$ cat upload-v6.pdb   # PDB, C-alpha atoms and all ligand atoms
ATOM      1  CA  MET D   1     -65.992 117.101 -53.047
ATOM      2  CA  GLU D   2     -69.444 116.731 -51.620
ATOM      3  CA  ALA D   3     -68.560 113.591 -49.671
ATOM      4  CA  SER D   4     -65.613 115.251 -47.922
ATOM      5  CA  ASN D   5     -67.827 118.174 -46.875
ATOM      6  CA  ARG D   6     -70.480 115.870 -45.465
ATOM      7  CA  THR D   7     -70.308 115.629 -41.703
ATOM      8  CA  ILE D   8     -70.203 112.023 -40.529
ATOM      9  CA  ALA D   9     -72.525 111.727 -37.547
ATOM     10  CA  ALA D  10     -70.531 110.606 -34.524
ATOM     11  CA  ALA D  11     -71.851 107.513 -32.757
ATOM     12  CA  PRO D  12     -73.827 108.599 -29.708
ATOM     13  CA  SER D  13     -72.025 108.545 -26.380
ATOM     14  CA  LEU D  14     -73.341 106.475 -23.481
ATOM     15  CA  SER D  15     -74.588 109.693 -21.832
ATOM     16  CA  GLU D  16     -76.551 110.634 -24.926
ATOM     17  CA  LEU D  17     -78.060 107.157 -25.126
ATOM     18  CA  ALA D  18     -78.874 107.201 -21.409
ATOM     19  CA  GLU D  19     -80.642 110.544 -21.892
ATOM     20  CA  ARG D  20     -82.754 108.916 -24.598
ATOM     21  CA  LEU D  21     -83.415 105.544 -22.967
ATOM     22  CA  TYR D  22     -84.042 106.315 -19.303
ATOM     23  CA  ALA D  23     -87.366 107.973 -18.449
ATOM     24  CA  PRO D  24     -86.981 111.482 -16.933
ATOM     25  CA  GLY D  25     -86.083 111.169 -13.254
ATOM     26  CA  GLU D  26     -85.766 107.357 -13.448
ATOM     27  CA  PHE D  27     -84.333 106.313 -10.103
ATOM     28  CA  THR D  28     -82.196 103.497 -11.505
ATOM     29  CA  ARG D  29     -80.455 105.649 -14.129
ATOM     30  CA  LYS D  30     -76.709 105.052 -14.161
ATOM     31  CA  ALA D  31     -74.691 107.995 -12.800
ATOM     32  CA  SER D  32     -72.680 109.959 -15.367
ATOM     33  CA  SER D  33     -69.476 108.971 -13.516
ATOM     34  CA  TYR D  34     -70.402 105.313 -14.151
ATOM     35  CA  LEU D  35     -71.087 105.972 -17.831
ATOM     36  CA  ALA D  36     -67.676 107.627 -18.164
ATOM     37  CA  GLU D  37     -66.048 104.477 -16.745
ATOM     38  CA  TYR D  38     -68.003 102.220 -19.094
ATOM     39  CA  GLU D  39     -66.862 104.368 -22.039
ATOM     40  CA  ARG D  40     -63.294 103.778 -20.858
ATOM     41  CA  ILE D  41     -63.899 100.019 -20.483
ATOM     42  CA  PHE D  42     -65.362  99.748 -23.998
ATOM     43  CA  ALA D  43     -62.917 102.166 -25.630
ATOM     44  CA  GLY D  44     -61.730 100.730 -28.960
ATOM     45  CA  ARG D  45     -63.919  97.650 -28.524
ATOM     46  CA  ARG D  46     -67.356  98.906 -29.504
ATOM     47  CA  HIS D  47     -67.494  96.883 -32.691
ATOM     48  CA  GLU D  48     -66.298  93.617 -31.207
ATOM     49  CA  LYS D  49     -68.658  90.701 -30.623
ATOM     50  CA  LEU D  50     -68.657  91.269 -26.888
ATOM     51  CA  ARG D  51     -70.680  89.292 -24.380
ATOM     52  CA  ILE D  52     -72.197  91.378 -21.603
ATOM     53  CA  LEU D  53     -74.070  90.226 -18.504
ATOM     54  CA  GLU D  54     -75.930  92.627 -16.259
ATOM     55  CA  LEU D  55     -77.470  91.484 -12.985
ATOM     56  CA  GLY D  56     -80.486  93.748 -12.369
ATOM     57  CA  VAL D  57     -82.635  94.743 -15.342
ATOM     58  CA  SER D  58     -85.398  96.929 -13.856
ATOM     59  CA  SER D  59     -86.993  99.019 -16.661
ATOM     60  CA  GLY D  60     -84.651  97.491 -19.253
ATOM     61  CA  ALA D  61     -83.002 100.846 -20.057
ATOM     62  CA  SER D  62     -79.462  99.595 -19.427
ATOM     63  CA  MET D  63     -80.074  96.510 -21.606
ATOM     64  CA  MET D  64     -80.941  98.846 -24.469
ATOM     65  CA  LEU D  65     -78.053 101.112 -23.571
ATOM     66  CA  TRP D  66     -75.546  98.264 -24.095
ATOM     67  CA  ARG D  67     -77.395  97.073 -27.191
ATOM     68  CA  ASP D  68     -77.321 100.490 -28.854
ATOM     69  CA  TYR D  69     -73.764 101.340 -27.799
ATOM     70  CA  LEU D  70     -72.284  97.954 -28.764
ATOM     71  CA  PRO D  71     -73.835  97.025 -32.110
ATOM     72  CA  HIS D  72     -72.404  93.486 -32.238
ATOM     73  CA  ALA D  73     -72.656  92.548 -28.568
ATOM     74  CA  THR D  74     -74.854  89.865 -27.041
ATOM     75  CA  ILE D  75     -76.446  91.103 -23.838
ATOM     76  CA  VAL D  76     -77.867  88.919 -21.101
ATOM     77  CA  GLY D  77     -79.872  90.426 -18.256
ATOM     78  CA  LEU D  78     -80.894  88.624 -15.090
ATOM     79  CA  ASP D  79     -83.513  89.895 -12.674
ATOM     80  CA  ILE D  80     -85.649  88.450  -9.913
ATOM     81  CA  ASP D  81     -88.636  90.367 -11.325
ATOM     82  CA  PRO D  82     -90.412  89.703 -14.629
ATOM     83  CA  MET D  83     -88.881  91.024 -17.848
ATOM     84  CA  PRO D  84     -90.144  94.494 -18.851
ATOM     85  CA  ASP D  85     -92.367  94.423 -21.981
ATOM     86  CA  VAL D  86     -90.085  96.886 -23.742
ATOM     87  CA  LEU D  87     -87.424  94.160 -24.127
ATOM     88  CA  ALA D  88     -89.706  91.508 -25.590
ATOM     89  CA  GLY D  89     -88.484  90.272 -28.971
ATOM     90  CA  LEU D  90     -85.386  92.509 -29.131
ATOM     91  CA  ASP D  91     -82.549  90.781 -30.917
ATOM     92  CA  ARG D  92     -79.183  90.292 -29.132
ATOM     93  CA  ILE D  93     -80.897  90.597 -25.746
ATOM     94  CA  HIS D  94     -81.659  87.606 -23.510
ATOM     95  CA  ILE D  95     -83.384  87.921 -20.161
ATOM     96  CA  LEU D  96     -83.462  85.389 -17.349
ATOM     97  CA  ARG D  97     -85.725  85.569 -14.347
ATOM     98  CA  ALA D  98     -83.802  84.377 -11.307
ATOM     99  CA  SER D  99     -82.030  85.548  -8.196
ATOM    100  CA  GLN D 100     -78.473  86.705  -8.662
ATOM    101  CA  ASP D 101     -77.201  83.892  -6.431
ATOM    102  CA  ASP D 102     -78.883  81.149  -8.450
ATOM    103  CA  ILE D 103     -75.799  79.348  -9.750
ATOM    104  CA  ALA D 104     -77.688  77.284 -12.335
ATOM    105  CA  ALA D 105     -79.229  80.498 -13.741
ATOM    106  CA  LEU D 106     -75.796  82.184 -13.879
ATOM    107  CA  ASP D 107     -74.467  79.212 -15.863
ATOM    108  CA  GLN D 108     -77.540  79.399 -18.085
ATOM    109  CA  ALA D 109     -76.787  83.093 -18.708
ATOM    110  CA  MET D 110     -73.327  82.126 -19.948
ATOM    111  CA  ALA D 111     -74.797  79.401 -22.172
ATOM    112  CA  LEU D 112     -77.275  81.923 -23.656
ATOM    113  CA  ALA D 113     -74.415  84.306 -24.458
ATOM    114  CA  GLY D 114     -72.478  81.486 -26.121
ATOM    115  CA  GLY D 115     -69.482  81.556 -23.760
ATOM    116  CA  PRO D 116     -67.822  83.478 -20.937
ATOM    117  CA  PHE D 117     -68.528  87.190 -20.667
ATOM    118  CA  ASP D 118     -66.242  90.111 -21.517
ATOM    119  CA  VAL D 119     -67.974  92.413 -19.043
ATOM    120  CA  ILE D 120     -70.213  91.594 -16.095
ATOM    121  CA  VAL D 121     -72.143  94.310 -14.258
ATOM    122  CA  ASP D 122     -73.743  93.722 -10.869
ATOM    123  CA  ASP D 123     -76.530  96.263 -10.380
ATOM    124  CA  ALA D 124     -79.032  93.927  -8.682
ATOM    125  CA  SER D 125     -79.838  93.483  -4.975
ATOM    126  CA  HIS D 126     -77.057  95.695  -3.584
ATOM    127  CA  LEU D 127     -76.810  93.347  -0.615
ATOM    128  CA  GLY D 128     -73.381  92.131   0.446
ATOM    129  CA  TYR D 129     -74.048  88.408   0.671
ATOM    130  CA  LEU D 130     -75.808  88.214  -2.697
ATOM    131  CA  THR D 131     -73.190  90.399  -4.383
ATOM    132  CA  LYS D 132     -70.476  88.147  -3.001
ATOM    133  CA  ARG D 133     -72.207  84.916  -4.019
ATOM    134  CA  SER D 134     -72.607  86.141  -7.609
ATOM    135  CA  PHE D 135     -68.995  87.310  -7.724
ATOM    136  CA  LEU D 136     -67.575  84.076  -6.293
ATOM    137  CA  HIS D 137     -69.231  82.106  -9.059
ATOM    138  CA  LEU D 138     -69.157  84.499 -12.011
ATOM    139  CA  PHE D 139     -65.621  85.874 -11.679
ATOM    140  CA  PRO D 140     -63.796  82.516 -11.758
ATOM    141  CA  HIS D 141     -66.225  80.588 -13.994
ATOM    142  CA  CYS D 142     -68.097  82.981 -16.300
ATOM    143  CA  LEU D 143     -65.716  85.890 -17.005
ATOM    144  CA  LYS D 144     -63.053  85.734 -19.730
ATOM    145  CA  PRO D 145     -59.381  86.168 -18.738
ATOM    146  CA  GLY D 146     -58.775  89.917 -19.030
ATOM    147  CA  GLY D 147     -62.527  90.550 -18.573
ATOM    148  CA  THR D 148     -64.039  93.244 -16.382
ATOM    149  CA  TYR D 149     -66.454  92.833 -13.469
ATOM    150  CA  VAL D 150     -68.204  95.984 -12.283
ATOM    151  CA  ILE D 151     -69.936  96.257  -8.919
ATOM    152  CA  GLU D 152     -72.250  99.261  -8.889
ATOM    153  CA  ASP D 153     -73.560 101.212  -5.891
ATOM    154  CA  PHE D 154     -71.486  99.473  -3.226
ATOM    155  CA  GLY D 155     -72.169 102.492  -0.997
ATOM    156  CA  THR D 156     -75.426 100.804   0.108
ATOM    157  CA  GLY D 157     -73.198  99.364   2.861
ATOM    158  CA  PHE D 158     -73.287 102.890   4.332
ATOM    159  CA  MET D 159     -77.090 103.070   4.194
ATOM    160  CA  PRO D 160     -78.884 101.976   7.377
ATOM    161  CA  GLU D 161     -82.083 101.417   5.363
ATOM    162  CA  TYR D 162     -80.351  98.408   3.783
ATOM    163  CA  PRO D 163     -80.472  95.257   5.930
ATOM    164  CA  ASP D 164     -76.672  95.042   5.941
ATOM    165  CA  GLY D 165     -75.898  98.757   5.820
ATOM    166  CA  GLN D 166     -74.738 100.946   8.677
ATOM    167  CA  GLU D 167     -74.333 104.699   8.767
ATOM    168  CA  TYR D 168     -70.962 106.244   7.957
ATOM    169  CA  ARG D 169     -68.517 106.632  10.810
ATOM    170  CA  ASP D 170     -64.997 107.944  10.537
ATOM    171  CA  PRO D 171     -62.359 105.250  11.013
ATOM    172  CA  PRO D 172     -60.370 105.705  14.227
ATOM    173  CA  TRP D 173     -57.877 108.256  12.916
ATOM    174  CA  ASN D 174     -55.941 108.163  16.194
ATOM    175  CA  ASP D 175     -54.920 104.510  15.736
ATOM    176  CA  ALA D 176     -51.568 105.318  14.129
ATOM    177  CA  GLU D 177     -49.633 104.070  17.153
ATOM    178  CA  PRO D 178     -46.453 101.927  17.242
ATOM    179  CA  ASP D 179     -48.346  98.973  18.778
ATOM    180  CA  ALA D 180     -51.218  99.149  16.312
ATOM    181  CA  THR D 181     -51.537  96.033  14.145
ATOM    182  CA  VAL D 182     -55.074  96.314  12.793
ATOM    183  CA  PHE D 183     -56.460  99.417  11.146
ATOM    184  CA  ALA D 184     -60.222  99.067  11.239
ATOM    185  CA  SER D 185     -62.589 100.486   8.667
ATOM    186  CA  HIS D 186     -66.225 100.247   7.641
ATOM    187  CA  GLN D 187     -66.901  96.646   6.591
ATOM    188  CA  HIS D 188     -70.674  96.552   6.320
ATOM    189  CA  GLY D 189     -72.534  95.077   3.376
ATOM    190  CA  MET D 190     -71.134  95.658  -0.083
ATOM    191  CA  VAL D 191     -68.454  97.987   1.306
ATOM    192  CA  GLY D 192     -66.945  95.027   3.167
ATOM    193  CA  VAL D 193     -67.299  92.776   0.134
ATOM    194  CA  VAL D 194     -65.413  95.236  -2.074
ATOM    195  CA  LYS D 195     -62.645  95.811   0.502
ATOM    196  CA  GLN D 196     -62.208  92.032   0.919
ATOM    197  CA  LEU D 197     -61.135  91.776  -2.725
ATOM    198  CA  ALA D 198     -57.773  93.329  -1.902
ATOM    199  CA  ASP D 199     -56.781  90.083  -0.130
ATOM    200  CA  PRO D 200     -56.964  87.618  -3.057
ATOM    201  CA  MET D 201     -55.290  90.270  -5.225
ATOM    202  CA  MET D 202     -52.290  90.116  -2.859
ATOM    203  CA  GLN D 203     -52.319  86.346  -2.266
ATOM    204  CA  GLN D 204     -49.806  85.227  -4.893
ATOM    205  CA  LEU D 205     -47.350  88.021  -4.172
ATOM    206  CA  ILE D 206     -47.341  87.209  -0.473
ATOM    207  CA  THR D 207     -47.780  83.421  -0.370
ATOM    208  CA  GLY D 208     -46.642  82.295  -3.817
ATOM    209  CA  GLN D 209     -49.989  80.512  -4.218
ATOM    210  CA  ARG D 210     -52.355  81.779  -6.905
ATOM    211  CA  SER D 211     -55.823  82.736  -5.713
ATOM    212  CA  PHE D 212     -58.931  81.233  -7.308
ATOM    213  CA  LEU D 213     -59.844  84.884  -7.903
ATOM    214  CA  ALA D 214     -57.275  85.974 -10.476
ATOM    215  CA  ILE D 215     -57.602  89.703  -9.830
ATOM    216  CA  GLU D 216     -55.221  91.782 -11.903
ATOM    217  CA  ARG D 217     -56.473  95.211 -10.924
ATOM    218  CA  LEU D 218     -59.005  96.566  -8.460
ATOM    219  CA  THR D 219     -60.208 100.094  -9.126
ATOM    220  CA  ILE D 220     -62.366 101.641  -6.440
ATOM    221  CA  LEU D 221     -64.213 104.827  -7.290
ATOM    222  CA  ALA D 222     -66.968 106.524  -5.337
ATOM    223  CA  ASN D 223     -69.755 103.905  -5.316
ATOM    224  CA  LEU D 224     -68.262 101.851  -8.151
ATOM    225  CA  ALA D 225     -65.759  98.994  -8.012
ATOM    226  CA  ILE D 226     -64.107  97.722 -11.185
ATOM    227  CA  VAL D 227     -62.360  94.374 -10.952
ATOM    228  CA  GLN D 228     -60.196  93.271 -13.856
ATOM    229  CA  LYS D 229     -59.456  89.589 -14.286
ATOM    230  CA  SER D 230     -55.883  88.539 -14.952
ATOM    231  CA  MET D 231     -54.825  86.797 -18.160
ATOM    232  CA  GLU D 232     -52.892  84.374 -15.946
ATOM    233  CA  PRO D 233     -54.612  81.155 -14.849
ATOM    234  CA  ALA D 234     -56.296  81.215 -11.461
ATOM    235  CA  GLY D 235     -55.503  78.935  -8.537
ATOM    236  CA  PRO D 236     -57.761  76.057  -7.440
ATOM    237  CA  MET D 237     -61.167  76.765  -5.917
ATOM    238  CA  PRO D 238     -61.051  76.649  -2.094
ATOM    239  CA  PRO D 239     -62.625  73.424  -0.756
ATOM    240  CA  ALA D 240     -65.419  75.437   0.891
ATOM    241  CA  LEU D 241     -66.550  76.613  -2.552
ATOM    242  CA  VAL D 242     -66.215  73.359  -4.448
ATOM    243  CA  ARG D 243     -69.717  72.233  -5.246
ATOM    244  CA  PRO D 244     -70.464  68.512  -5.177
ATOM    245  CA  PRO D 245     -71.669  66.944  -8.450
ATOM    246  CA  PRO D 246     -75.416  67.592  -9.061
ATOM    247  CA  ARG D 247     -76.372  63.964  -8.177
ATOM    248  CA  VAL D 248     -74.585  64.183  -4.804
ATOM    249  CA  GLU D 249     -76.120  67.610  -4.222
ATOM    250  CA  ALA D 250     -79.608  66.183  -4.907
ATOM    251  CA  ILE D 251     -79.004  63.285  -2.492
ATOM    252  CA  GLU D 252     -77.732  65.691   0.180
ATOM    253  CA  ARG D 253     -80.830  67.859  -0.315
ATOM    254  CA  GLU D 254     -83.090  64.779   0.007
ATOM    255  CA  LEU D 255     -81.206  63.717   3.138
ATOM    256  CA  ARG D 256     -81.632  67.159   4.709
ATOM    257  CA  LEU D 257     -85.377  66.993   3.932
ATOM    258  CA  LEU D 258     -85.729  63.509   5.440
ATOM    259  CA  THR D 259     -83.747  64.503   8.535
ATOM    260  CA  ARG D 260     -86.065  67.499   9.007
ATOM    261  CA  ARG D 261     -89.152  65.270   8.582
ATOM    262  CA  VAL D 262     -87.833  62.698  11.115
ATOM    263  CA  ALA D 263     -87.150  65.528  13.590
ATOM    264  CA  GLU D 264     -90.714  66.825  13.079
ATOM    265  CA  GLN D 265     -92.138  63.298  13.644
ATOM    266  CA  GLU D 266     -90.027  62.909  16.795
ATOM    267  CA  GLU D 267     -91.371  66.187  18.091
ATOM    268  CA  ALA D 268     -94.953  65.119  17.357
ATOM    269  CA  VAL D 269     -94.454  61.739  19.128
ATOM    270  CA  ALA D 270     -92.825  63.468  22.130
ATOM    271  CA  ALA D 271     -95.800  65.846  22.349
ATOM    272  CA  GLU D 272     -98.196  62.845  22.210
ATOM    273  CA  ILE D 273     -96.280  61.066  25.007
ATOM    274  CA  ALA D 274     -96.369  64.212  27.145
ATOM    275  CA  LEU D 275    -100.160  64.377  26.658
ATOM    276  CA  LEU D 276    -100.510  60.701  27.676
ATOM    277  CA  HIS D 277     -98.399  61.342  30.794
ATOM    278  CA  ASP D 278    -100.750  64.176  31.741
ATOM    279  CA  ARG D 279    -103.764  61.932  31.151
ATOM    280  CA  VAL D 280    -102.277  59.120  33.302
ATOM    281  CA  ALA D 281    -101.587  61.643  36.086
ATOM    282  CA  GLU D 282    -105.202  62.833  35.878
ATOM    283  CA  LEU D 283    -106.473  59.221  36.005
ATOM    284  CA  GLU D 284    -104.254  58.504  39.032
ATOM    285  CA  VAL D 285    -105.887  61.398  40.830
ATOM    286  CA  VAL D 286    -109.389  60.138  39.872
ATOM    287  CA  LEU D 287    -108.452  56.597  40.959
ATOM    288  CA  GLY D 288    -107.079  57.948  44.234
ATOM    289  CA  ASN D 289    -110.378  59.737  44.850
ATOM    290  CA  VAL D 290    -112.296  56.477  44.211
ATOM    291  CA  VAL D 291    -110.027  54.221  46.281
ATOM    292  CA  ALA D 292    -109.657  56.482  49.364
ATOM    293  CA  PRO D 293    -113.301  56.116  50.572
ATOM    294  CA  LEU D 294    -112.970  52.311  50.236
ATOM    295  CA  GLN D 295    -110.004  52.052  52.682
ATOM    296  CA  PRO D 296    -112.137  51.298  55.814
ATOM    297  CA  PHE D 297    -113.960  48.518  53.924
ATOM    298  CA  ARG D 298    -110.625  47.028  52.789
ATOM    299  CA  ARG D 299    -109.461  46.865  56.425
ATOM    300  CA  ILE D 300    -112.742  45.149  57.461
ATOM    301  CA  TRP D 301    -112.400  42.690  54.575
ATOM    302  CA  ARG D 302    -108.828  41.887  55.613
ATOM    303  CA  GLY D 303    -109.968  41.377  59.226
ATOM    304  CA  LEU D 304    -112.732  39.011  58.139
ATOM    305  CA  THR D 305    -110.955  37.002  55.470
ATOM    306  CA  GLY D 306    -107.234  37.440  56.225
ATOM    307  CA  LYS D 307    -106.824  38.390  52.570
ATOM    308  CA  SER D 308    -106.060  41.832  51.193
ATOM    309  CA  ALA D 309    -108.748  43.388  49.040
TER     310      ALA D 309
HETATM  311  C1  LIG D 401     -81.061  99.254  -9.706
HETATM  312  S1  LIG D 401     -82.169  98.195 -10.513
HETATM  313  C2  LIG D 401     -81.349  97.763 -11.983
HETATM  314  C3  LIG D 401     -81.198  98.930 -12.912
HETATM  315  C4  LIG D 401     -80.596  98.597 -14.260
HETATM  316  N1  LIG D 401     -79.399  97.830 -14.167
HETATM  317  C5  LIG D 401     -80.278  99.892 -14.990
HETATM  318  O1  LIG D 401     -79.144 100.342 -14.930
HETATM  319  O2  LIG D 401     -81.196 100.429 -15.590
HETATM  320  C6  LIG D 401     -82.043  96.780  -9.514
HETATM  321  C7  LIG D 401     -82.781  95.538 -10.052
HETATM  322  O3  LIG D 401     -82.289  94.420  -9.339
HETATM  323  C8  LIG D 401     -83.326  93.495  -9.178
HETATM  324  N2  LIG D 401     -83.003  92.615  -8.056
HETATM  325  C9  LIG D 401     -83.153  92.816  -6.723
HETATM  326  N3  LIG D 401     -82.745  91.751  -6.033
HETATM  327  C10 LIG D 401     -82.321  90.841  -6.941
HETATM  328  C11 LIG D 401     -81.787  89.541  -6.849
HETATM  329  N4  LIG D 401     -81.597  88.933  -5.672
HETATM  330  N5  LIG D 401     -81.457  88.907  -7.990
HETATM  331  C12 LIG D 401     -81.645  89.488  -9.197
HETATM  332  N6  LIG D 401     -82.157  90.734  -9.346
HETATM  333  C13 LIG D 401     -82.488  91.396  -8.231
HETATM  334  C14 LIG D 401     -84.560  94.349  -8.968
HETATM  335  O4  LIG D 401     -85.708  93.616  -9.327
HETATM  336  C15 LIG D 401     -84.286  95.546  -9.860
HETATM  337  O5  LIG D 401     -84.937  95.384 -11.094
END

$ encode --input "upload-v6.pdb" --output "structure tokens" --more "lines below"
Ligand SMILES: C[S@@+](CC[C@H](N)C(=O)[O-])C[C@H]1O[C@@H](n2cnc3c(N)ncnc32)[C@H](O)[C@@H]1O
Amino acid sequence: MEASNRTIAAAPSLSELAERLYAPGEFTRKASSYLAEYERIFAGRRHEKLRILELGVSSGASMMLWRDYLPHATIVGLDIDPMPDVLAGLDRIHILRASQDDIAALDQAMALAGGPFDVIVDDASHLGYLTKRSFLHLFPHCLKPGGTYVIEDFGTGFMPEYPDGQEYRDPPWNDAEPDATVFASHQHGMVGVVKQLADPMMQQLITGQRSFLAIERLTILANLAIVQKSMEPAGPMPPALVRPPPRVEAIERELRLLTRRVAEQEEAVAAEIALLHDRVAELEVVLGNVVAPLQPFRRIWRGLTGKSA
């Protein structure tokens, strides 16, 4: 039969789509090892109504990559820079302009997608503190149980050209001694952030208390960290991360502003007083210069009248 002889075109792989969507030599193109991992993450799920968030949009190629690979997915991109023209008006793609640590924008991203995400990709600043801030909010609040959080390019922590990077040094391999209790390793920037994730993953096993980061599995590949969220409920947020209600936050912000203004006024008044002190000292000198020549006359006056002048 003709139909059975017809070859059904296989859906393009992520590598094939990347070849098509990224400009030749585009610096931000995802490495083929990353694409292989994403194929594994999406295996058997391509036709689900997935919700994907990517921090870092750049040319928009990865937004289109997800859109073409996952025909029913809703994709939200967030970038500090303006949206590239190529994405304007594309269905299933939403773009937000904000920093990756803007909590309100991260919540807005989830609202745009219509609920928590299945997969979150952080390919934005590649700075440790920003990566960590995004993770601490998105992983507990905006990722589905069983969802996947991918941190790309964490090797920037080994790059001295990054503000928080430092060049690679071997760990102290001669520290395997009976009295050794701490085994140091590179902790700079995103490298440190990724290594820290091993702690909350161990928390329940060791302490019996669930962590607020319900990490089921942490897969670390060269330059790519894949964090899978547990289906089990997470523990409570640590007090340090509990945000006050928006009204309280606004009042605290106002208070900080007023305190800064009062401090500035105090400084200005202190500077004014110092100036006046200087002026008084100058006037005392001038007065001294005027009074000194009059001393002989004052003595004569006292001698004549018995009164002091
Ligand atoms: C490596 S590119 C993203 C590439 C894109 N994900 C892809 O695969 O084609 C990094 C992007 O992160 C953005 N970026 C840098 N700092 C950011 C921040 N603090 N918040 C959000 N985006 C940021 C940059 O503007 C840039 O577009």

$ atom_distance --input "upload-v6.pdb" --atom1 "atom CA of Ala98 of chain D" --atom2 "atom CA of Asp79 of chain D"
5.7 Å

$ resolve_selection --input "upload-v6.pdb" --expression "the PyMOL selection byres (((not hetatm)) within 8 of (chain D and resi 401))" --output "VMD selection string"
chain D and resid 22 27 to 30 54 to 63 78 to 81 97 to 101 122 to 126 130

$ closest_residue --input "upload-v6.pdb" --among "D:Phe135, D:Phe117, D:Tyr34, D:Tyr162" --to "Gln196 of chain D" --atoms "all atoms listed in the file"
D:Phe135

$ resolve_selection --input "upload-v6.pdb" --expression "the PyMOL selection byres (((chain D and resi 43-45) around 12) and not hetatm)" --output "mmCIF file with C-alpha atoms, keeping the file's coordinate frame"
data_model
loop_
_atom_site.group_PDB
_atom_site.id
_atom_site.type_symbol
_atom_site.label_atom_id
_atom_site.label_comp_id
_atom_site.auth_asym_id
_atom_site.auth_seq_id
_atom_site.Cartn_x
_atom_site.Cartn_y
_atom_site.Cartn_z
ATOM 1 C CA SER D 13 -72.025 108.545 -26.380
ATOM 2 C CA LEU D 14 -73.341 106.475 -23.481
ATOM 3 C CA LEU D 35 -71.087 105.972 -17.831
ATOM 4 C CA ALA D 36 -67.676 107.627 -18.164
ATOM 5 C CA GLU D 37 -66.048 104.477 -16.745
ATOM 6 C CA TYR D 38 -68.003 102.220 -19.094
ATOM 7 C CA GLU D 39 -66.862 104.368 -22.039
ATOM 8 C CA ARG D 40 -63.294 103.778 -20.858
ATOM 9 C CA ILE D 41 -63.899 100.019 -20.483
ATOM 10 C CA PHE D 42 -65.362 99.748 -23.998
ATOM 11 C CA ARG D 46 -67.356 98.906 -29.504
ATOM 12 C CA HIS D 47 -67.494 96.883 -32.691
ATOM 13 C CA GLU D 48 -66.298 93.617 -31.207
ATOM 14 C CA LYS D 49 -68.658 90.701 -30.623
ATOM 15 C CA LEU D 50 -68.657 91.269 -26.888
ATOM 16 C CA ARG D 51 -70.680 89.292 -24.380
ATOM 17 C CA TYR D 69 -73.764 101.340 -27.799
ATOM 18 C CA LEU D 70 -72.284 97.954 -28.764
ATOM 19 C CA PRO D 71 -73.835 97.025 -32.110
ATOM 20 C CA HIS D 72 -72.404 93.486 -32.238
ATOM 21 C CA ALA D 73 -72.656 92.548 -28.568
ATOM 22 C CA ASP D 118 -66.242 90.111 -21.517
ATOM 23 C CA VAL D 119 -67.974 92.413 -19.043
#

$ atom_distance --input "upload-v6.pdb" --atom1 "atom CA of Ile226 of chain D" --atom2 "atom CA of Leu136 of chain D"
14.9 Å

$ atom_distance --input "upload-v6.pdb" --atom1 "atom CA of Leu276 of chain D" --atom2 "atom CA of Ala292 of chain D"
23.9 Å

$ residues_near_point --input "upload-v6.pdb" --point "(-71.1, 103.1, 3.5)" --cutoff "10 Å" --atoms "only C-alpha atoms" --output "list of chain:residue names"
D:Asp153, D:Phe154, D:Gly155, D:Thr156, D:Gly157, D:Phe158, D:Met159, D:Pro160, D:Gly165, D:Gln166, D:Glu167, D:Tyr168, D:Arg169, D:His186, D:Gln187, D:His188, D:Gly189, D:Met190, D:Val191, D:Gly192, D:Asn223

$ residues_around --input "upload-v6.pdb" --residues "Leu90 of chain D" --least-positions-apart "3" --cutoff "12 Å" --atoms "only C-alpha atoms" --output "ChimeraX atom specification"
/D:60,63-64,67-68,74-76,83-87,93-95

$ resolve_selection --input "upload-v6.pdb" --expression "the PyMOL selection byres (((chain D and resi 235) around 8) and not hetatm)" --output "list in words"
Gln209, Arg210, Ser211, Phe212, Leu213, Ala214, Pro233, Ala234, Pro236 and Met237 of chain D

$ closest_residue --input "upload-v6.pdb" --among "D:Ile220, D:Ala113, D:Leu53, D:Ala88" --to "Phe139 of chain D" --atoms "all atoms listed in the file"
D:Leu53

$ closest_residue --input "upload-v6.pdb" --among "D:Ser185, D:Cys142, D:Pro238, D:Pro12" --to "Gly114 of chain D" --atoms "all atoms listed in the file"
D:Cys142

$ decode --input "upload-v6.pdb" --residues "segment 128-135 of chain D" --atoms "N, CA and C atoms" --output "PDB file, in the first residue's frame"
ATOM      1  N   GLY D 128      26.668  34.063  40.750  1.00  0.00           N
ATOM      2  CA  GLY D 128      26.207  33.205  41.836  1.00  0.00           C
ATOM      3  C   GLY D 128      25.033  33.776  42.609  1.00  0.00           C
ATOM      4  N   TYR D 129      25.136  35.049  43.029  1.00  0.00           N
ATOM      5  CA  TYR D 129      24.089  35.549  43.930  1.00  0.00           C
ATOM      6  C   TYR D 129      22.748  35.661  43.219  1.00  0.00           C
ATOM      7  N   LEU D 130      22.771  36.016  41.943  1.00  0.00           N
ATOM      8  CA  LEU D 130      21.505  36.139  41.200  1.00  0.00           C
ATOM      9  C   LEU D 130      20.916  34.757  40.906  1.00  0.00           C
ATOM     10  N   THR D 131      21.800  33.823  40.550  1.00  0.00           N
ATOM     11  CA  THR D 131      21.369  32.448  40.294  1.00  0.00           C
ATOM     12  C   THR D 131      20.700  31.885  41.541  1.00  0.00           C
ATOM     13  N   LYS D 132      21.314  32.154  42.684  1.00  0.00           N
ATOM     14  CA  LYS D 132      20.802  31.612  43.944  1.00  0.00           C
ATOM     15  C   LYS D 132      19.469  32.260  44.320  1.00  0.00           C
ATOM     16  N   ARG D 133      19.379  33.580  44.119  1.00  0.00           N
ATOM     17  CA  ARG D 133      18.120  34.260  44.455  1.00  0.00           C
ATOM     18  C   ARG D 133      16.966  33.709  43.625  1.00  0.00           C
ATOM     19  N   SER D 134      17.205  33.535  42.312  1.00  0.00           N
ATOM     20  CA  SER D 134      16.149  32.990  41.446  1.00  0.00           C
ATOM     21  C   SER D 134      15.757  31.600  41.936  1.00  0.00           C
ATOM     22  N   PHE D 135      16.768  30.775  42.203  1.00  0.00           N
ATOM     23  CA  PHE D 135      16.507  29.389  42.598  1.00  0.00           C
ATOM     24  C   PHE D 135      15.703  29.332  43.894  1.00  0.00           C
TER      25      PHE D 135
END
